[in-house]
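One structure below.
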Amino acid sequence: MTSDNIPRATAKRLPVYYRYLNILHDTGKQRISSTELAEAVQVDSATIRRDFSYFGALGKRGYGYDVDSLLSFFKQILNQEYLTNVALLGVGNLGHALLNFNFHKDSNVRISAAFDPREDLANTIQAGVPVYPTSELKYQLQEQQIKVVILTVPAEAAQPVADEVVKAGVKGILNFTPIRLSVPENVLVQNVDLTNELQTLIYFIQNYSK
């Protein structure tokens, strides 16, 4: 089965597995069972075995999974050997927080460029990342060959900005705005609604916590 046929839910769990396998590797653990992995990442063992089965025989019955082999496999699958540059659009409070966090400290992802229309931010360096005026958006995205952007702009600007980055050749948008974007079929959008996530968490605490 090719990566195009992997279920979306499985694809979203792969980075979780990869991060924990890195932890195991650092502690010197050589093998792990699906049950142990399930307890660590809070995904049931049957789901883990099904996820792994999409990629062939990754483990051995009675032995479990070899940590280093599995780590090497997922490193290749997730392209962890290559650094991916992404752009941040909108350097407000959330944008600043993401710049300060930046992803290259923990993964193969790095915010390499940011964009904001405010004159006091344009042409400055924020948390080590250059901030460009939005007038340079298309040029810089194409010049730096950036295919993924993070959207933290005001809601009313979300769709117009999305239209611009699509024209610049962007293929993926991590959308922190409440707007559900309209994009071509070949552009992927991952929506991150912090309010919804928090409300869901509170609901489960109130209704299922003992």
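Naming scheme: A, B, ... for chains in displayed order of the structure tokens; residues 1 onward per chain; ligands 1 onward as shown.
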Closest-contact table, region 22-107 of chain A side, partner region 117-120 of chain A, 10 Å, counting only C-alpha atoms, as a tab-separated table:
```
residue	atom	partner	partner_atom	distance
A:Leu89	CA	A:Pro117	CA	9.6
A:Gly90	CA	A:Pro117	CA	8.1
A:Val91	CA	A:Arg118	CA	9.1
```
Dump as a PDB file, in the first residue's frame, selection limited to C-alpha atoms:
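result-v2.pdb, written as the output of this step:
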```
ATOM      1  CA  LEU A  89       1.386  34.357   8.177  1.00  0.00           C
ATOM      2  CA  GLY A  90       0.341  36.794  10.884  1.00  0.00           C
ATOM      3  CA  VAL A  91       2.692  37.773  13.708  1.00  0.00           C
TER       4      VAL A  91
END
```
| Which residues, written as a ChimeraX atom specification, have at least one atom at most 12 Å from region 165-180 of chain A, with only C-alpha atoms counted and residues fewer than 6 positions away on the same chain left out? | /A:85-90,92,94-95,98,115,134-159,186-197
If you keep N, CA and C atoms, can you produce a file of those selected residues as a tab-separated table (two decimals), in the first residue's frame?
```tsv
chain	number	residue	atom	x	y	z
A	85	ASN	N	11.02	23.77	5.50
A	85	ASN	CA	10.79	25.16	5.87
A	85	ASN	C	9.32	25.51	5.67
A	86	VAL	N	8.75	26.17	6.67
A	86	VAL	CA	7.37	26.62	6.57
A	86	VAL	C	7.33	28.12	6.84
A	87	ALA	N	6.25	28.75	6.44
A	87	ALA	CA	6.09	30.19	6.65
A	87	ALA	C	4.95	30.44	7.61
A	88	LEU	N	5.10	31.49	8.41
A	88	LEU	CA	4.05	31.92	9.34
A	88	LEU	C	3.42	33.19	8.81
A	89	LEU	N	2.10	33.20	8.69
A	89	LEU	CA	1.39	34.36	8.18
A	89	LEU	C	0.55	34.97	9.29
A	90	GLY	N	1.02	36.12	9.78
A	90	GLY	CA	0.34	36.79	10.88
A	90	GLY	C	1.15	36.70	12.16
A	92	GLY	N	0.83	38.02	15.24
A	92	GLY	CA	0.13	38.54	16.41
A	92	GLY	C	0.57	37.78	17.66
A	94	LEU	N	-0.55	34.87	18.94
A	94	LEU	CA	-0.35	33.45	18.65
A	94	LEU	C	0.85	33.26	17.73
A	95	GLY	N	0.97	34.13	16.73
A	95	GLY	CA	2.10	34.04	15.82
A	95	GLY	C	3.43	34.18	16.55
A	98	LEU	N	4.26	30.99	18.40
A	98	LEU	CA	4.75	29.94	17.50
A	98	LEU	C	6.19	30.23	17.06
A	115	PHE	N	5.30	36.67	7.83
A	115	PHE	CA	4.75	37.80	7.06
A	115	PHE	C	3.72	38.54	7.90
A	134	THR	N	3.72	41.82	3.70
A	134	THR	CA	2.84	40.93	2.93
A	134	THR	C	2.93	41.18	1.44
A	135	SER	N	3.43	42.36	1.06
A	135	SER	CA	3.60	42.64	-0.36
A	135	SER	C	4.62	41.71	-1.01
A	136	GLU	N	5.49	41.10	-0.19
A	136	GLU	CA	6.50	40.18	-0.71
A	136	GLU	C	6.08	38.72	-0.56
A	137	LEU	N	4.85	38.48	-0.17
A	137	LEU	CA	4.40	37.12	0.14
A	137	LEU	C	4.64	36.13	-0.99
A	138	LYS	N	4.08	36.41	-2.15
A	138	LYS	CA	4.20	35.48	-3.27
A	138	LYS	C	5.65	35.29	-3.68
A	139	TYR	N	6.39	36.39	-3.75
A	139	TYR	CA	7.80	36.31	-4.18
A	139	TYR	C	8.62	35.46	-3.22
A	140	GLN	N	8.50	35.71	-1.93
A	140	GLN	CA	9.32	34.99	-0.95
A	140	GLN	C	8.94	33.51	-0.86
A	141	LEU	N	7.67	33.21	-0.93
A	141	LEU	CA	7.23	31.81	-0.88
A	141	LEU	C	7.82	31.03	-2.06
A	142	GLN	N	7.80	31.64	-3.23
A	142	GLN	CA	8.34	30.97	-4.41
A	142	GLN	C	9.87	30.94	-4.38
A	143	GLU	N	10.48	32.04	-3.95
A	143	GLU	CA	11.94	32.13	-3.91
A	143	GLU	C	12.52	31.12	-2.92
A	144	GLN	N	11.86	30.96	-1.76
A	144	GLN	CA	12.33	30.04	-0.73
A	144	GLN	C	11.75	28.63	-0.88
A	145	GLN	N	10.94	28.45	-1.91
A	145	GLN	CA	10.33	27.15	-2.22
A	145	GLN	C	9.56	26.59	-1.02
A	146	ILE	N	8.79	27.45	-0.38
A	146	ILE	CA	7.99	27.06	0.77
A	146	ILE	C	6.64	26.54	0.30
A	147	LYS	N	6.29	25.34	0.72
A	147	LYS	CA	5.04	24.71	0.28
A	147	LYS	C	4.01	24.56	1.40
A	148	VAL	N	4.41	24.92	2.63
A	148	VAL	CA	3.50	24.80	3.78
A	148	VAL	C	3.50	26.10	4.55
A	149	VAL	N	2.31	26.58	4.92
A	149	VAL	CA	2.21	27.82	5.70
A	149	VAL	C	1.32	27.60	6.92
A	150	ILE	N	1.58	28.43	7.93
A	150	ILE	CA	0.75	28.45	9.14
A	150	ILE	C	-0.02	29.75	9.13
A	151	LEU	N	-1.34	29.65	9.26
A	151	LEU	CA	-2.20	30.83	9.13
A	151	LEU	C	-2.68	31.26	10.52
A	152	THR	N	-2.19	32.44	10.98
A	152	THR	CA	-2.64	33.00	12.26
A	152	THR	C	-3.09	34.44	12.05
A	153	VAL	N	-3.70	34.69	10.92
A	153	VAL	CA	-4.16	36.04	10.58
A	153	VAL	C	-5.56	36.26	11.16
A	154	PRO	N	-6.04	37.52	11.21
A	154	PRO	CA	-7.42	37.76	11.63
A	154	PRO	C	-8.40	37.03	10.72
A	155	ALA	N	-9.55	36.66	11.25
A	155	ALA	CA	-10.52	35.84	10.52
A	155	ALA	C	-10.88	36.44	9.16
A	156	GLU	N	-11.07	37.76	9.13
A	156	GLU	CA	-11.52	38.39	7.88
A	156	GLU	C	-10.45	38.34	6.79
A	157	ALA	N	-9.21	38.10	7.17
A	157	ALA	CA	-8.13	38.05	6.19
A	157	ALA	C	-7.80	36.62	5.75
A	158	ALA	N	-8.40	35.64	6.42
A	158	ALA	CA	-8.01	34.24	6.20
A	158	ALA	C	-8.19	33.78	4.75
A	159	GLN	N	-9.36	33.97	4.18
A	159	GLN	CA	-9.60	33.48	2.82
A	159	GLN	C	-8.78	34.23	1.78
A	186	ASN	N	-6.11	19.97	-4.57
A	186	ASN	CA	-4.72	19.55	-4.40
A	186	ASN	C	-4.01	20.28	-3.26
A	187	VAL	N	-4.74	21.12	-2.53
A	187	VAL	CA	-4.18	21.83	-1.38
A	187	VAL	C	-4.82	21.27	-0.11
A	188	LEU	N	-3.99	20.85	0.85
A	188	LEU	CA	-4.48	20.28	2.09
A	188	LEU	C	-4.57	21.34	3.17
A	189	VAL	N	-5.66	21.32	3.92
A	189	VAL	CA	-5.85	22.25	5.03
A	189	VAL	C	-6.07	21.46	6.31
A	190	GLN	N	-5.27	21.78	7.32
A	190	GLN	CA	-5.46	21.18	8.64
A	190	GLN	C	-5.94	22.30	9.56
A	191	ASN	N	-7.17	22.16	10.08
A	191	ASN	CA	-7.75	23.20	10.93
A	191	ASN	C	-7.42	22.95	12.39
A	192	VAL	N	-6.95	23.98	13.07
A	192	VAL	CA	-6.66	23.90	14.50
A	192	VAL	C	-7.53	24.93	15.20
A	193	ASP	N	-8.60	24.45	15.84
A	193	ASP	CA	-9.54	25.35	16.54
A	193	ASP	C	-9.28	25.20	18.03
A	194	LEU	N	-8.50	26.11	18.61
A	194	LEU	CA	-8.13	26.00	20.01
A	194	LEU	C	-9.34	26.12	20.94
A	195	THR	N	-10.28	26.99	20.59
A	195	THR	CA	-11.48	27.15	21.41
A	195	THR	C	-12.29	25.86	21.44
A	196	ASN	N	-12.46	25.25	20.27
A	196	ASN	CA	-13.21	24.01	20.19
A	196	ASN	C	-12.52	22.89	20.97
A	197	GLU	N	-11.19	22.81	20.86
A	197	GLU	CA	-10.46	21.78	21.58
A	197	GLU	C	-10.61	21.95	23.08
```
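Closest approach to Pro7 (chain A) from the set A:Asp51, A:Asp66, A:Ser112, A:Ala38 is made by A:Asp51, with distances taken over only C-alpha atoms.
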| task | Counting only C-alpha atoms, figure out which residue out of A:Leu21, A:Arg13, A:Tyr65, A:Ala127 gets nearest to Asp44 (chain A). | result | A:Arg13
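Straight-line separation from CA of His25 (chain A) to CA of Asp68 (chain A): 6.7 Å.
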| query | Near Ile48 (chain A), counting only C-alpha atoms, which residues have an atom at most 10 Å away, once you skip same-chain residues fewer than 6 positions from it, shown as a VMD selection string? | reply | chain A and resid 10 13 to 14 17 34 to 35 37 to 38 41
| Could you state the separation of CA of Ala162 (chain A) and CA of Pro184 (chain A) in Å, given to one decimal place? | 10.6 Å
| as a PyMOL selection string, which residues of chain A does DSSP assign to strand (DSSP E or B)? | chain A and resi 31-32+60+64-66+84-89+109-115+124-126+129-132+148-151+172-175+188-191
| message | Please return, as a PyMOL selection string, all residues of region 83-189 of chain A that DSSP assigns to helix (DSSP H, G or I) on the basis of the backbone. | response | chain A and resi 93-101+134-143+155-167
For Gly28 (chain A): contacts at 10 Å, only C-alpha atoms, fewer than 4 positions along chain excluded, given as a PDB file with N, CA and C atoms, in the first residue's frame:
```pdb
ATOM      1  N   ASN A  22      11.588   7.838  19.541  1.00  0.00           N
ATOM      2  CA  ASN A  22      12.808   8.608  19.796  1.00  0.00           C
ATOM      3  C   ASN A  22      13.156   8.591  21.281  1.00  0.00           C
ATOM      4  N   ILE A  23      12.139   8.704  22.118  1.00  0.00           N
ATOM      5  CA  ILE A  23      12.355   8.665  23.564  1.00  0.00           C
ATOM      6  C   ILE A  23      12.901   7.298  23.975  1.00  0.00           C
ATOM      7  N   LEU A  24      12.303   6.241  23.431  1.00  0.00           N
ATOM      8  CA  LEU A  24      12.758   4.883  23.740  1.00  0.00           C
ATOM      9  C   LEU A  24      14.208   4.687  23.307  1.00  0.00           C
ATOM     10  N   VAL A  67      12.968  -1.355  18.296  1.00  0.00           N
ATOM     11  CA  VAL A  67      12.855   0.094  18.406  1.00  0.00           C
ATOM     12  C   VAL A  67      13.663   0.813  17.328  1.00  0.00           C
ATOM     13  N   ASP A  68      14.932   0.432  17.161  1.00  0.00           N
ATOM     14  CA  ASP A  68      15.781   1.124  16.193  1.00  0.00           C
ATOM     15  C   ASP A  68      15.294   0.935  14.759  1.00  0.00           C
TER      16      ASP A  68
END
```
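The two atoms in question, CA of Leu198 (chain A) and CA of Asn100 (chain A), are spaced 22.1 Å apart.
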